[in-house]
Structure formats: C-alpha cells, structure tokens
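Here is data.txt, consisting of compact mmCIF, C-alpha atoms:
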# COMPACT_ATOMS: atom_id res chain seq x y z
CA MET A 26 0.00 0.00 0.00
CA LYS A 27 2.88 2.33 0.82
CA ILE A 28 4.45 1.71 -2.60
CA ILE A 29 1.14 2.41 -4.32
CA SER A 30 0.78 5.63 -2.31
CA ILE A 31 4.27 6.77 -3.31
CA LEU A 32 3.58 5.97 -6.97
CA SER A 33 0.27 7.79 -6.76
CA ASN A 34 1.96 10.87 -5.32
CA ALA A 35 4.64 10.72 -8.01
CA VAL A 36 2.03 10.49 -10.79
CA THR A 37 0.11 13.40 -9.26
CA LEU A 38 3.30 15.48 -9.03
CA CYS A 39 4.19 14.72 -12.67
CA PHE A 40 0.66 15.62 -13.74
CA LEU A 41 0.81 18.92 -11.85
CA CYS A 42 4.21 19.76 -13.32
CA SER A 43 2.99 18.96 -16.84
CA ALA A 44 -0.20 20.93 -16.32
CA THR A 45 1.77 23.89 -14.97
CA ALA A 46 4.13 23.78 -17.95
CA LEU A 47 1.23 23.61 -20.41
CA TRP A 48 -0.56 26.43 -18.60
CA ALA A 49 2.59 28.57 -18.71
CA GLN A 50 3.00 27.90 -22.44
CA GLY A 51 -0.64 28.74 -23.09
CA ASP A 52 -0.37 31.85 -20.94
CA GLN A 53 2.77 33.01 -22.77
CA LYS A 54 0.97 32.78 -26.11
CA LYS A 55 -1.29 35.60 -24.92
CA LEU A 56 1.65 37.81 -23.94
CA ASP A 57 3.65 40.23 -26.05
CA TYR A 58 7.28 39.27 -26.41
CA LEU A 59 10.64 40.58 -27.55
CA VAL A 60 13.53 38.75 -29.19
CA LEU A 61 16.65 40.69 -28.24
CA MET A 62 19.79 41.03 -30.32
CA ASN A 63 21.55 38.56 -28.00
CA ALA A 64 18.76 36.03 -28.86
CA ASP A 65 17.10 36.20 -25.42
CA THR A 66 13.29 36.21 -25.38
CA LEU A 67 11.32 38.36 -22.93
CA TYR A 68 7.59 37.93 -22.30
CA GLY A 69 5.34 40.68 -20.95
CA LYS A 70 3.36 43.61 -22.27
CA ILE A 71 4.26 46.27 -24.83
CA SER A 72 2.71 49.63 -23.97
CA SER A 73 4.04 51.73 -26.86
CA VAL A 74 6.37 51.67 -29.85
CA LYS A 75 7.87 54.92 -31.12
CA ASP A 76 10.61 55.49 -33.68
CA ASN A 77 13.40 55.31 -31.12
CA LYS A 78 11.85 53.74 -28.02
CA LEU A 79 9.82 50.67 -27.11
CA LYS A 80 8.17 50.58 -23.68
CA PHE A 81 7.77 47.13 -22.14
CA GLU A 82 6.59 45.62 -18.87
CA ASN A 83 8.04 42.19 -18.10
CA GLN A 84 6.43 39.34 -16.16
CA GLN A 85 7.94 40.68 -12.93
CA LYS A 86 6.00 43.92 -13.53
CA GLU A 87 9.22 45.83 -14.16
CA LYS A 88 8.94 48.63 -16.73
CA VAL A 89 11.80 48.74 -19.21
CA ALA A 90 12.54 50.84 -22.29
CA PHE A 91 14.44 49.48 -25.29
CA THR A 92 16.14 51.22 -28.21
CA PRO A 93 16.02 49.81 -31.77
CA ASP A 94 19.58 48.47 -31.67
CA GLN A 95 18.67 46.24 -28.71
CA VAL A 96 15.63 44.46 -30.18
CA TYR A 97 15.61 42.04 -33.12
CA ARG A 98 11.82 41.54 -33.21
CA ALA A 99 8.93 42.81 -31.10
CA TYR A 100 5.64 40.90 -31.24
CA TRP A 101 2.66 42.99 -30.09
CA GLN A 102 0.09 40.22 -29.83
CA SER A 103 -2.99 42.28 -28.88
CA LYS A 104 -2.50 44.59 -31.86
CA LYS A 105 -1.34 41.77 -34.17
CA LYS A 106 1.75 43.75 -35.14
CA VAL A 107 5.43 42.94 -35.46
CA TYR A 108 8.23 45.50 -35.23
CA ALA A 109 11.88 45.31 -36.20
CA PRO A 110 14.79 47.75 -36.10
CA SER A 111 15.41 49.12 -39.58
CA TYR A 112 17.21 51.84 -41.53
CA VAL A 113 14.37 51.99 -44.06
CA GLU A 114 12.50 54.91 -42.54
CA LYS A 115 15.34 57.45 -42.49
CA GLY A 116 18.20 55.91 -44.41
CA LEU A 117 16.90 55.49 -47.96
CA GLU A 118 18.58 57.04 -50.98
CA VAL A 119 17.80 56.68 -54.67
CA VAL A 120 20.14 54.42 -56.62
CA PRO A 121 21.65 56.66 -59.34
CA GLY A 122 20.55 55.92 -62.88
CA THR A 123 17.56 53.75 -61.99
CA SER A 124 14.28 54.28 -63.78
CA PRO A 125 11.85 53.43 -62.29
CA LYS A 126 13.58 54.43 -59.06
CA MET A 127 15.11 51.80 -56.83
CA TYR A 128 16.44 52.62 -53.38
CA ARG A 129 19.21 51.44 -51.08
CA ILE A 130 20.10 51.94 -47.45
CA GLN A 131 22.53 54.79 -46.80
CA LYS A 132 23.85 54.69 -43.25
CA GLY A 133 25.38 57.95 -42.11
CA ASN A 134 27.66 58.36 -39.11
CA ASP A 135 24.74 59.65 -37.06
CA GLN A 136 22.13 57.44 -38.72
CA GLY A 137 20.71 54.86 -36.32
CA PRO A 138 17.88 52.38 -36.89
CA THR A 139 14.27 53.09 -35.94
CA PHE A 140 11.44 50.72 -35.09
CA ALA A 141 9.43 49.90 -38.22
CA GLU A 142 6.32 47.76 -38.54
CA VAL A 143 7.02 44.49 -40.36
CA LEU A 144 4.52 43.41 -43.01
CA ALA A 145 6.44 40.36 -44.22
CA ASP A 146 9.55 38.73 -42.75
CA GLY A 147 12.26 36.74 -44.44
CA GLU A 148 14.82 37.21 -47.22
CA ILE A 149 12.61 40.03 -48.47
CA MET A 150 11.44 42.26 -45.64
CA ALA A 151 8.35 44.41 -46.15
CA TYR A 152 8.08 47.43 -43.87
CA TYR A 153 5.39 50.00 -43.18
CA VAL A 154 6.66 53.49 -42.36
CA SER A 155 5.08 56.92 -42.07
CA GLU A 156 6.37 60.46 -41.99
CA LEU A 157 4.90 63.83 -41.15
CA LYS A 158 5.34 66.65 -43.66
CA PHE A 159 5.10 70.20 -42.36
CA ASN A 160 4.22 72.89 -44.91
CA GLY A 161 3.90 76.60 -44.26
CA GLY A 162 1.03 78.68 -45.58
CA ALA A 163 -1.24 81.60 -44.91
CA ALA A 164 -4.89 81.99 -44.02
CA VAL A 165 -7.28 84.92 -43.71
CA ASN A 166 -7.86 86.09 -40.16
CA VAL A 167 -11.27 87.79 -39.77
CA SER A 168 -11.42 87.91 -35.99
CA GLY A 169 -10.41 90.74 -33.71
CA GLY A 170 -9.76 94.03 -35.45
CA GLY A 171 -10.50 93.21 -39.07
CA ALA A 172 -9.30 90.92 -41.80
CA GLY A 173 -5.64 90.04 -42.21
CA MET A 174 -3.28 87.23 -43.12
CA MET A 175 -1.94 84.85 -40.51
CA PRO A 176 0.69 82.10 -40.90
CA THR A 177 -0.46 78.48 -40.75
CA ILE A 178 1.27 75.11 -40.61
CA LEU A 179 -0.23 72.28 -42.63
CA VAL A 180 0.58 68.73 -41.52
CA ASN A 181 0.33 65.79 -43.93
CA LYS A 182 1.01 62.20 -42.94
CA ASN A 183 2.55 60.21 -45.76
CA LYS A 184 2.46 56.42 -45.48
CA TYR A 185 4.70 54.06 -47.39
CA ALA A 186 5.38 50.33 -47.64
CA TYR A 187 8.83 49.24 -48.79
CA ALA A 188 10.26 45.83 -49.69
CA LEU A 189 13.95 45.28 -48.92
CA LYS A 190 15.90 42.32 -50.28
CA LYS A 191 18.58 41.38 -47.76
CA GLY A 192 20.92 39.69 -50.22
CA THR A 193 21.27 42.68 -52.54
CA GLY A 194 20.24 45.64 -50.37
CA GLU A 195 17.72 46.71 -53.02
CA VAL A 196 14.60 48.51 -51.80
CA ALA A 197 11.39 48.99 -53.80
CA GLU A 198 8.28 50.94 -52.87
CA ILE A 199 5.18 48.71 -52.92
CA ASN A 200 2.53 51.08 -51.57
CA SER A 201 1.97 54.76 -50.77
CA ASN A 202 -0.84 57.19 -50.01
CA ASN A 203 1.14 59.96 -51.71
CA ASN A 204 0.92 58.99 -55.38
CA GLY A 205 -0.57 62.19 -56.72
CA LEU A 206 -3.52 62.50 -59.06
CA PHE A 207 -1.58 62.02 -62.29
CA SER A 208 1.22 59.82 -60.98
CA ASN A 209 2.13 56.59 -62.77
CA ALA A 210 3.96 55.22 -59.72
CA LYS A 211 1.58 52.27 -59.43
CA LYS A 212 2.48 51.07 -62.92
CA LYS A 213 6.20 51.39 -62.19
CA ARG A 214 6.03 49.35 -58.99
CA GLN A 215 5.47 46.16 -60.96
CA ILE A 216 8.72 46.78 -62.86
CA THR A 217 10.84 47.45 -59.77
CA PHE A 218 9.31 44.54 -57.89
CA THR A 219 10.38 42.04 -60.54
CA GLN A 220 14.01 42.88 -59.72
CA LEU A 221 13.50 41.54 -56.22
CA ILE A 222 12.24 38.09 -57.29
CA ASN A 223 13.97 37.58 -60.65
CA ASP A 224 16.26 34.88 -59.20
CA GLU A 225 13.19 32.61 -58.91
CA PRO A 226 12.18 32.28 -62.62
CA GLU A 227 9.04 30.18 -62.07
CA LEU A 228 7.70 32.53 -59.42
CA LEU A 229 8.54 35.52 -61.61
CA ALA A 230 6.66 33.96 -64.54
CA GLU A 231 3.55 33.57 -62.36
CA PHE A 232 3.87 37.15 -61.15
CA GLU A 233 4.04 38.50 -64.70
CA LYS A 234 0.77 36.72 -65.55
CA GLU A 235 -1.18 38.58 -62.84
CA GLN A 236 -4.08 40.67 -64.13
CA LYS A 237 -3.43 43.57 -61.75
CA TYR A 238 -0.67 44.67 -59.42
CA ASN A 239 -1.34 46.14 -56.01
CA TYR A 240 -0.09 45.96 -52.45
CA ASP A 241 -1.86 42.65 -51.69
CA VAL A 242 -0.33 40.99 -54.75
CA PHE A 243 3.16 42.21 -53.82
CA ILE A 244 2.83 40.88 -50.27
CA LYS A 245 1.59 37.51 -51.56
CA TYR A 246 4.65 37.09 -53.78
CA ILE A 247 7.03 38.30 -51.09
CA MET A 248 5.71 35.62 -48.76
CA ARG A 249 5.98 32.94 -51.43
CA TYR A 250 9.53 34.05 -52.30
CA ASN A 251 10.50 33.93 -48.63
CA GLU A 252 9.13 30.39 -48.30
CA LEU A 253 11.30 29.28 -51.22
CA GLN A 254 14.40 30.89 -49.70
CA GLN A 255 13.71 29.46 -46.26
CA ALA A 256 13.56 25.95 -47.70
CA LYS A 257 17.07 26.45 -49.13
CA ALA A 258 18.59 28.10 -46.05
CA SER A 259 20.77 26.31 -43.51
CA PRO A 260 20.06 26.57 -39.75
CA SER A 261 23.09 28.87 -39.35
CA ASP A 262 21.70 31.27 -41.96
CA GLN A 263 18.38 31.49 -40.10
CA SER A 264 20.04 32.16 -36.73
CA ARG A 265 21.91 35.31 -37.75
CA LEU A 266 20.47 38.50 -36.27
CA PHE A 267 21.05 41.62 -38.35
CA ILE A 268 19.50 45.06 -38.65
CA TYR A 269 18.47 46.01 -42.20

Re-express the file's structure as structure tokens.
Amino acid sequence: MKIISILSNAVTLCFLCSATALWAQGDQKKLDYLVLMNADTLYGKISSVKDNKLKFENQQKEKVAFTPDQVYRAYWQSKKKVYAPSYVEKGLEVVPGTSPKMYRIQKGNDQGPTFAEVLADGEIMAYYVSELKFNGGAAVNVSGGGAGMMPTILVNKNKYAYALKKGTGEVAEINSNNNGLFSNAKKKRQITFTQLINDEPELLAEFEKEQKYNYDVFIKYIMRYNELQQAKASPSDQSRLFIY
C-alpha cells in the first residue's frame, strides 16, 4: 500500500508539473514578447512603440525601455503587429541611374535604426513606415480688429510600404498614399518589384501573368519568395540576427 501511495503521489506530481508547464506555455501565447539582439526572449506587455523607443513591462511587472539596436523583433500580440529595427524609414537614398527608381540603405555616421512595422519577414522584408510633412502657408484672419493674413502650418502624414531584399540591399516601394492625381507610380512598382524576385524564374513567370498589381499581390509574392528561400537556407543562416 505504501508503494502504491508513493507511486500515486509521483504520478500526481508529474501531472501537476505537466499541467503547470502547459498552462505557462498557453499563458505566454497571450503575452507580447521581444527577441533581443543577444537572442534572449522576454515575455510581458508592450505599452508603446515609437521610432526610437519601445516601452515594455516584463512578467515581474518591471517597466523597461528598449532602443532599436537592442531588439531584433517585437511581437505585439494584442494589436497583431510585429516590429523590427530598420534603416528603411530614415536611411533610404535613390540608386543613381535607376528608372523606375530603386532605393538602397545609406547609413550615415549619425544614422541609427528606428522601429518599423514588419509586413512580411524573411529574405525580403516588407516594412510599413510613415512620416509627417510640415508645410507653411497663410490663411485669412477675420477675428479681432479686421481681416488680415496669418501664418499656418499644414501637416500631412505620408504612409509608405517598402520591400527590402537582404541579399542585394535593393529597396522597392510597394505602396503609398502619396501617389498624386496624375502619378504613374503604381504602374512602375510592378517593374521594380520584378528585380526583387527575378532569381526565382518560375515565381517571376507567375507574377508577370497577374491581371493587376497592387499591395496585396506584392505581399503575396514576397511571402511565397520567402518560403522558397527558407527551404534552401541552412540553420546557421536562419540564426543570424542583423539590422536592415
């Protein structure tokens, strides 16, 4: 009877340990988490992500702030968003002689990465970035002592999506809310995008047969391209942590 009691206690203990482990894993799936540049993973809650600062509360309720060069990926589960450090937002320059325009990353001495929202992850990274444009102007002031002109500041928020190919450093615009009424930028995006996937001939052939080209189509082919590259990559390739 004593042996049976000991075995029963052991089974109960194993069950409790397994249940606790499963509960912890299930609980972690609901949490936000960060993968740091040293490959550590932190679970907790993200409260905000700005260009140069990410605010985070860990499981010990400690509030910590991270800069872009410290974080490889940030997974904001409740908002279904992923962030990565990138030079795309402030470090782009036009590649000379390209038409349609292609871009590349230009890192200056004082140019650090910023947090950018990731739309697709892999050999081709797709990022969402935004910028505020401040324009001066004048408006008629009819209050007070009669009509007059007063200075005004107009603020426009431009939104862009860029695709960056890690192997070549090429960057192509795949979406924007700043095309202009008579712009032909949408037509040109198909041409620049083909340069990113032209090393996969079969995928490129499928892309060229598409009836229309828009942001959703670009993202679909980026994801398919990344799947092909991931199948070819070695474990050591996938473990390298870089900022692009």

Original post:
At a cut-off of 12 Å from (12.2, 56.3, -35.2) in the coordinates of the file, what residues are picked up using all atoms listed in the file, written as a VMD selection string?
Top reply: chain A and resid 74 to 79 92 to 94 108 to 116 136 to 142 154 to 156

**OP:** Please measure the separation of CA of Leu59 in chain A and CA of Tyr240 in chain A, giving the value in Å to one decimal.
**Re:** 27.6 Å

**OP:** One decimal, Å: what's the distance from CA of Lys237 in chain A over to CA of Ala256 in chain A, could you say?
**Re:**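 Answer for the CA of Lys237 in chain A to CA of Ala256 in chain A separation: 28.2 Å.
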